[in-house]
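Student: Just dropping this structure here.
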Amino acid sequence: MASNGFQGSSYANERPPSSTGSGEPDLANDPASSGFFMNDYKKHDDLKTMLDSNKDGQKLEAMKRIIGMVAKGKDASDLFPAVVKNVVSKNLEIKKLVYVYLSRYAEEQQDLALLSISTFQRALKDPNQLIRASALRVLSSIRVHVIVPIMMLAIKESVMDMSPFVRKTAAHAIPKLYSLDPEQKEMLVEVIEKLLADKTTLVAGSAIQAFEEVCPERIDLIHKNYRKLCNLLVDVEEWGQVVIINMLTRYARTQFVNPNEDEAMDEFSEKAFYGSEDSEKEDDEEAGPPKKKPYMMDADHRLLLRNTKPLLNSRNAAVVMAVAQLYHHCAPKGEVGIVIRALIRLLRGHKEVQYVVLGNIATMTIKRKGMFEPFLKSFYVRSNDPTHVKLLKLDILTNLATETSVSTILREFQTYVTSSDKEFAASTIQAIGRCASNITEVTDACLNGLVSLMSNRDEAVVAESVVVIKKLMQMQPTEHKEIIIHMAKMADSITVPMARASILWMIGEYSDRVPKIAPDVLRKMAKNFISEEDIVKLQILNLAAKLCITNSKQTKLLCQYVFNLAKYDQNYDIRDRARFLRQLILPTDKAGAFAKYVKKIFLHTKPAPVLESKYKDRDQFQLGTLSHVINQKATGYQELPEWPEQAPDTSVRNVEVPIPWTDSSTKNSKNKKKKPVKKKSFYSDEDSSPEEASGEYAESTSEATDSSEESSSEEESEEDSDEDGKKKKAKASEDEDEEEDDEESSSEESSSSEEEDSEEDSEEEEVKSKPKDKPAKNKVQKSSKPVQNMDMLLDLDDLGPTLANPAVVPSSGFLVPTLAQDISNLSLDNKQAPSTVANAVFIPSKTHELLNRITGGGLSIVYKFTRTMSVFSNRMVSIEIIFTNSSDKQISGIRIGEKKIQSSMAIQDFSEIAALAVNATTSAILGVDFGDTTQPANFELCTQDRKFNVSIKCPVGELLQALTMSENEFDTQQGKLTGMNENTGSVDLPAEHKDGKTLCSRVYEAANMLQVPSVQENQYKFAAKTISAGTLVLFSMTVTDSKAALRVNCEKMVIGSMLLKEIKQSLSRP
């Protein structure tokens, strides 16, 4: 550098080096760095001089500065000629940096890169694997058709390279060559086939990526490598895991049958929660026959699910999401629940990750709401959440709303409405409307709440409330006249165009209910017609047309006036609409044929709008894909194939070659009759059945452990071949053998579910899970390992929602009702009413049929509610079941079988009835925790030779426990439960039932409540609490003449709404 005097004295070299390490000036610090003062012809001259130097130290320093510039995003393409000359450098460090630079700019400077082709070809033979891989990477980056044969030859040689890193680079080069010349596909498929057979975890992900981009339809290439990919999956690098799992998802959909085909009607979470009892019975009867031939999962299908499950603990969100979509699309419904906790964990990550995960959860909740319901609080909105995340959480909460949870969700929504985020507050009101339309029990409460929001100071909240009320009104057009009047009065004060248009539409649609108000509203709107927005003008025209049809005497002139104003409007849509309506509403002598049917056209009943989630139709795309996020098919998206009706041949996945990682001691053992068959059963369907294969691979352990256990067991079998010899083994080995026998004898479904749970336990839990007594082992006969009851409950949580409130049976005999009642009064629950529990005043004698004697083959069963404290738990409803044998033979073994109930419910079985003689009758007490819901408790009632699907539905009045309460306390608590927690109504009383005693008895018949002493005349107050959660329920009735005003206050809006209806029916009954 010093020898060149001109360069040494140049302005560019006299300046201090910039922060980037090059001669390029820092624009932020140099005030004279504009285009007028920069000397482009001397740009990077110092770096070029250093690269031309004979000293490796200066070249290395120059390359480091250049790579630093590239890393910062600065353009260094003009240095390409100076850099490419150093590709022949013998210094390894310089050569590595040169190849990094060439990989970045070879595609842009193709002509200059072609001059060094021979150098790259020589580098492919370099002893250093990094140089060989870098040379192949640069060669594949030169996008020139002339060198396609050279690239193909280089890829073929690199595929056979000893270094897995070079083979991985060859896999990356395949898609580049295919995009450059698609005619090379056949040769590239052969190369991909070799790469798929590679047993190195470093190559697996890249090979599958090349397969996906070049020949995704060649599913036959995966058959022989399927099991190897499943076993290697845990050790593959993270992004390779994502690619492999997505590919295996599509593979599973083509090679295995649908695991949920026969169980679709059995999953309670998938049913509409407001379905009738009859429809559920029919579903149970239709779903009954397939259970006789249970679905047996293919061993390879089970292998895929088992080996991907540990990846739910991955630190990479993309891997967790890939496993979640695999289970969603390919796993049995009972096992999909294990992904929920992992998805919830991802919600603690960055907001970008939250958005993608919540979008996928929103799609899953539409069909699998029962699984996410226990995690409802995880989707509550936080103040620091961005708006798009808030809206997604809002959508999920609305999807999860059921009869039991809607009260909690609506209380949460009440706080969201007051948010300063206008878009979020408006979306919350829409969510309230969706809840009201989906759950009829809370429709009235939601409407009242939305009407109260119309007095809000925030105009956006008021406008959105009006729009939602309009949609809800269409679902119940015969009611709510007062709401229409109230909204008509607010038409002057509301300025948001959409809200004003909604009010005008409602007044026009239901003008017959407000005949005096509608013409006056039209008069006011006609006065300001010119200044209104276009959407409001269109609704004014519609209102004028409808009123002219129904009330032409008062509104015909107004209608003509509005049409004349619209005739000269600037918007052509409004002009056309006015011209169109004039010919229909105000026909001339030459009226058209449609003028006769104008009333049917305008006043016909409109279908109610359907309020549904915007994620309802996104299930058509595979979860976790870009197409699912943007809700349209993206470039390169592959459709998820449908399940085949019959499973293809499973033998195509059998591999005859010996397992390369088998321990050598296994090959040298003498006795190979028992254990080797068990080892190879997974790879050969001819040697064992799918159940055995599934059992053997129930626990994912390392290969070394498997081989060592196998060799030790073979040596033992060599010495002791008979059963007596086996008895001499150590006690620990006996336990292991018993566990293996249990695995082989258990069914496919039970072994897979229990074993998967046991895999998640830590080593300490496994030590604790050893049985200490025999009864614990007898309770869990299907488990692959004997576990304690507490460990078993913890494990079952991973498979989905379990019983939230399991029935607790006292170990030392039954509690008498009075003692149980005293204990319930000592509860510290905050929701518990501060009053004491009282005995029921009225015990209903009405019985309900549970099983008809014709259906039951002579066995008839009825049940009735005892209104006493359950001896099993103070959260359970006590039900007396009466059995009658009308057949001609004795019925034996009457018991409860399989239970099909919600996660919040529990059933305590009655003791098995050993025998019921002919014409004999007996009774039993059953305890059911309905979870404060009116959903029926579905279960199987079994005899010795038959099973019956039965259902017990509890009236809302039987879900209550009577309370003693003072009037002051009653008024205090009632004042706290207002707004959406209050349901009101009125009823006409029969003439003969107006005295207080008769009215109270009718209330007692409908609900288990207790009258609160009141000093007010003609006012009756009753108090109770829900049995399961202890939520306070208050009922008051004010009698005037022949009418009674009713009022129910309860936090659970569904309970309050349904209780009001039942009491109204009881009071109005003659």
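Simple scheme: letters A, B, ... for chains in structure tokens order, numbers from 1 for residues in each chain, numbers from 1 for ligands in the order shown.
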Applying 9 Å and only C-alpha atoms, which residues near Thr933 (chain A) remain after dropping the ones on its own chain fewer than 3 positions away? List them as a PyMOL selection string.

Tutor: chain A and resi 403-404+905+930+936+954+956+959+1054-1055

Student: Identify, on the basis of only C-alpha atoms, every residue whose closest approach to region 944-952 of chain A does not exceed 7 Å; exclude the query and any residue fewer than 6 positions from it along the same chain; express the result as a list of chain:residue names.

Tutor: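 Near neighbours after the sequence-gap exclusion: A:Asp284, A:Leu850, A:Leu851, A:Ser892, A:Gly893, A:Ile894, A:Pro936, A:Ala937, A:Asn938.
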
Student: Taking the DSSP secondary structure from the backbone, can you list the residues of region 431-676 of chain A that are helix (DSSP H, G or I), as number ranges by chain?

Tutor: A: 431-438, 440-453, 459-475, 481-489, 497-509, 518-527, 529-531, 534-550, 552-567, 572-585, 593-602, 616-620, 626-630, 650-653, 664-668, 675-676

Student: I'd like to know which of A:Thr943, A:Thr922, A:Thr200, A:Thr398 is closest to Leu233 (chain A), using only C-alpha atoms.

Tutor: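 Smallest separation from Leu233 (chain A) among the options: A:Thr200.
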
Student: Which residues are near region 386-393 of chain A? Cut-off 7 Å, only C-alpha atoms, ignore same chain within fewer than 3 positions. Put them as a ChimeraX atom specification.

Tutor: /A:355,358-359,379-381,396-397,424

Student: Pick out the closest residue to Ser627 (chain A) from this set: A:Phe872, A:Asn528, A:Asn360, A:Val652. Count only C-alpha atoms.

Tutor: A:Asn360

Student: Would you compute the distance between CA of Asn852 (chain A) and CA of Lys899 (chain A)? Give it in Å to one decimal.

Tutor: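 Separation of CA of Asn852 (chain A) and CA of Lys899 (chain A): 19.8 Å.
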
Student: Do a neighbour search on Leu504 (chain A) at 7 Å with only C-alpha atoms, toss out local chain neighbours closer than 5 positions, and write the hits as a list in words.

Tutor: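 Close residues of Leu504 (chain A): Gln539, Ile540 and Leu543 of chain A.
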
Student: Quick one: residues within 10 Å of Glu93 (chain A), only C-alpha atoms counted, chain neighbours fewer than 4 positions away excluded, as an mmCIF file with C-alpha atoms, in the first residue's frame?

Tutor:
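So out_20.cif came out as:
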```cif
data_model
loop_
_atom_site.group_PDB
_atom_site.id
_atom_site.type_symbol
_atom_site.label_atom_id
_atom_site.label_comp_id
_atom_site.auth_asym_id
_atom_site.auth_seq_id
_atom_site.Cartn_x
_atom_site.Cartn_y
_atom_site.Cartn_z
ATOM 1 C CA ASP A 56 -2.262 -13.420 3.848
ATOM 2 C CA LEU A 60 -7.763 -12.131 5.781
ATOM 3 C CA MET A 63 -12.267 -10.511 3.868
ATOM 4 C CA SER A 89 -5.618 -19.028 -1.975
ATOM 5 C CA LEU A 97 -14.505 -16.461 3.741
ATOM 6 C CA VAL A 98 -14.169 -16.207 -0.050
#
```

Student: Residues within 9 Å of region 580-586 of chain A, please, as a list in words. Count only C-alpha atoms; anything in the same chain fewer than 4 positions from it doesn't count.

Tutor: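 My list of contacting residues is Leu541, Asn542, Ala545, Lys546, Cys548, Ile549, Lys556, Gln560, Phe563, Arg575, Asp576, Ala591, Gly592, Phe594, Ala595, Lys596, Tyr597 and Val598 of chain A.
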
Student: Tell me, as JSON, numbers by chain, which residues lie within 10 Å of His993 (chain A), counting only C-alpha atoms; anything in the same chain fewer than 2 positions away does not count.

Tutor: {"A": [989, 990, 991, 995, 996, 997, 998, 999, 1002, 1042, 1067, 1068, 1069, 1070]}

Student: Can you write just those residues out, all heavy atoms, as an mmCIF file, in the first residue's frame?

Tutor:
```cif
data_model
loop_
_atom_site.group_PDB
_atom_site.id
_atom_site.type_symbol
_atom_site.label_atom_id
_atom_site.label_comp_id
_atom_site.auth_asym_id
_atom_site.auth_seq_id
_atom_site.Cartn_x
_atom_site.Cartn_y
_atom_site.Cartn_z
ATOM 1 N N LEU A 989 -101.798 -15.157 36.740
ATOM 2 C CA LEU A 989 -102.122 -16.192 37.727
ATOM 3 C C LEU A 989 -103.556 -16.676 37.531
ATOM 4 O O LEU A 989 -104.467 -15.868 37.272
ATOM 5 C CB LEU A 989 -101.956 -15.645 39.143
ATOM 6 C CG LEU A 989 -100.552 -15.143 39.509
ATOM 7 C CD1 LEU A 989 -100.577 -14.519 40.900
ATOM 8 C CD2 LEU A 989 -99.561 -16.301 39.461
ATOM 9 N N PRO A 990 -103.795 -17.983 37.636
ATOM 10 C CA PRO A 990 -105.185 -18.484 37.585
ATOM 11 C C PRO A 990 -105.997 -17.917 38.749
ATOM 12 O O PRO A 990 -105.448 -17.599 39.818
ATOM 13 C CB PRO A 990 -105.001 -20.005 37.702
ATOM 14 C CG PRO A 990 -103.592 -20.264 37.290
ATOM 15 C CD PRO A 990 -102.814 -19.063 37.712
ATOM 16 N N ALA A 991 -107.295 -17.788 38.543
ATOM 17 C CA ALA A 991 -108.151 -17.144 39.547
ATOM 18 C C ALA A 991 -108.154 -17.906 40.874
ATOM 19 O O ALA A 991 -108.242 -17.302 41.944
ATOM 20 C CB ALA A 991 -109.581 -17.037 39.000
ATOM 21 N N ASP A 995 -103.773 -17.068 46.473
ATOM 22 C CA ASP A 995 -103.359 -16.950 47.866
ATOM 23 C C ASP A 995 -101.886 -17.313 48.016
ATOM 24 O O ASP A 995 -101.308 -18.047 47.219
ATOM 25 C CB ASP A 995 -104.228 -17.849 48.751
ATOM 26 C CG ASP A 995 -104.127 -19.299 48.316
ATOM 27 O OD1 ASP A 995 -104.528 -19.610 47.147
ATOM 28 O OD2 ASP A 995 -103.623 -20.117 49.102
ATOM 29 N N GLY A 996 -101.257 -16.792 49.072
ATOM 30 C CA GLY A 996 -99.825 -16.968 49.259
ATOM 31 C C GLY A 996 -99.412 -18.409 49.454
ATOM 32 O O GLY A 996 -98.347 -18.828 48.966
ATOM 33 N N LYS A 997 -100.217 -19.197 50.143
ATOM 34 C CA LYS A 997 -99.834 -20.586 50.409
ATOM 35 C C LYS A 997 -99.737 -21.378 49.110
ATOM 36 O O LYS A 997 -98.787 -22.149 48.889
ATOM 37 C CB LYS A 997 -100.870 -21.220 51.341
ATOM 38 C CG LYS A 997 -100.510 -22.628 51.778
ATOM 39 C CD LYS A 997 -101.521 -23.155 52.778
ATOM 40 C CE LYS A 997 -101.144 -24.569 53.214
ATOM 41 N NZ LYS A 997 -102.126 -25.118 54.185
ATOM 42 N N THR A 998 -100.710 -21.166 48.215
ATOM 43 C CA THR A 998 -100.705 -21.904 46.939
ATOM 44 C C THR A 998 -99.530 -21.455 46.075
ATOM 45 O O THR A 998 -98.855 -22.263 45.432
ATOM 46 C CB THR A 998 -102.028 -21.665 46.196
ATOM 47 O OG1 THR A 998 -103.110 -22.037 47.033
ATOM 48 C CG2 THR A 998 -102.072 -22.497 44.921
ATOM 49 N N LEU A 999 -99.243 -20.146 46.056
ATOM 50 C CA LEU A 999 -98.134 -19.643 45.247
ATOM 51 C C LEU A 999 -96.803 -20.215 45.725
ATOM 52 O O LEU A 999 -95.951 -20.618 44.925
ATOM 53 C CB LEU A 999 -98.111 -18.108 45.294
ATOM 54 C CG LEU A 999 -99.281 -17.388 44.627
ATOM 55 C CD1 LEU A 999 -99.180 -15.884 44.847
ATOM 56 C CD2 LEU A 999 -99.299 -17.683 43.122
ATOM 57 N N ARG A 1002 -96.381 -23.798 44.684
ATOM 58 C CA ARG A 1002 -96.036 -23.943 43.274
ATOM 59 C C ARG A 1002 -94.538 -23.670 43.039
ATOM 60 O O ARG A 1002 -93.898 -24.309 42.212
ATOM 61 C CB ARG A 1002 -96.878 -22.977 42.433
ATOM 62 C CG ARG A 1002 -98.347 -23.389 42.334
ATOM 63 C CD ARG A 1002 -98.480 -24.736 41.650
ATOM 64 N NE ARG A 1002 -99.842 -25.225 41.608
ATOM 65 C CZ ARG A 1002 -100.672 -24.998 40.596
ATOM 66 N NH1 ARG A 1002 -100.269 -24.264 39.562
ATOM 67 N NH2 ARG A 1002 -101.891 -25.485 40.625
ATOM 68 N N SER A 1042 -104.192 -9.992 39.311
ATOM 69 C CA SER A 1042 -104.089 -11.340 38.743
ATOM 70 C C SER A 1042 -102.745 -11.573 38.064
ATOM 71 O O SER A 1042 -102.589 -12.526 37.306
ATOM 72 C CB SER A 1042 -105.224 -11.561 37.731
ATOM 73 O OG SER A 1042 -105.134 -10.620 36.671
ATOM 74 N N LEU A 1067 -96.413 -21.677 37.924
ATOM 75 C CA LEU A 1067 -97.408 -20.728 38.438
ATOM 76 C C LEU A 1067 -98.605 -20.594 37.507
ATOM 77 O O LEU A 1067 -99.732 -20.369 37.966
ATOM 78 C CB LEU A 1067 -96.758 -19.356 38.640
ATOM 79 C CG LEU A 1067 -95.708 -19.246 39.751
ATOM 80 C CD1 LEU A 1067 -95.040 -17.884 39.721
ATOM 81 C CD2 LEU A 1067 -96.346 -19.483 41.121
ATOM 82 N N SER A 1068 -98.388 -20.709 36.199
ATOM 83 C CA SER A 1068 -99.494 -20.525 35.252
ATOM 84 C C SER A 1068 -100.328 -21.794 35.070
ATOM 85 O O SER A 1068 -101.369 -21.753 34.419
ATOM 86 C CB SER A 1068 -98.941 -20.087 33.899
ATOM 87 O OG SER A 1068 -98.051 -21.056 33.378
ATOM 88 N N ARG A 1069 -99.857 -22.893 35.640
ATOM 89 C CA ARG A 1069 -100.603 -24.150 35.487
ATOM 90 C C ARG A 1069 -101.893 -24.096 36.293
ATOM 91 O O ARG A 1069 -101.880 -23.739 37.476
ATOM 92 C CB ARG A 1069 -99.728 -25.314 35.965
ATOM 93 C CG ARG A 1069 -100.276 -26.679 35.566
ATOM 94 C CD ARG A 1069 -99.345 -27.805 35.967
ATOM 95 N NE ARG A 1069 -99.234 -27.937 37.406
ATOM 96 C CZ ARG A 1069 -98.170 -27.650 38.123
ATOM 97 N NH1 ARG A 1069 -97.084 -27.171 37.534
ATOM 98 N NH2 ARG A 1069 -98.153 -27.797 39.439
ATOM 99 N N PRO A 1070 -103.039 -24.427 35.722
ATOM 100 C CA PRO A 1070 -104.316 -24.347 36.466
ATOM 101 C C PRO A 1070 -104.411 -25.425 37.548
ATOM 102 O O PRO A 1070 -103.700 -26.410 37.525
ATOM 103 C CB PRO A 1070 -105.369 -24.562 35.367
ATOM 104 C CG PRO A 1070 -104.659 -25.300 34.283
ATOM 105 C CD PRO A 1070 -103.220 -24.836 34.324
#
```

Student: Of the candidates A:Asn225, A:Asn246, A:Ser1001, A:Ser163, which one gets nearest to Leu326 (chain A) if we count only C-alpha atoms?

Tutor: A:Asn246

Student: Tell me which of A:Glu61, A:Lys125, A:Leu640, A:Leu472 sits closest to Met247 (chain A), counting only C-alpha atoms.

Tutor: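 Checking each candidate against Met247 (chain A), we get A:Leu640 as the closest.
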
Student: Just checking: using only C-alpha atoms, which residue out of A:Arg137, A:Ala431, A:Glu441, A:Ile494 ends up closest to Met454 (chain A)?

Tutor: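 Comparing A:Arg137, A:Ala431, A:Glu441, A:Ile494 against Met454 (chain A), the winner is A:Ile494.
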
Student: For Lys59 (chain A), which residue out of A:Asn91, A:Asn448, A:Asn1018, A:Thr428 is the nearest one, using only C-alpha atoms?

Tutor: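 Closest to Lys59 (chain A) of all the choices is A:Asn91.
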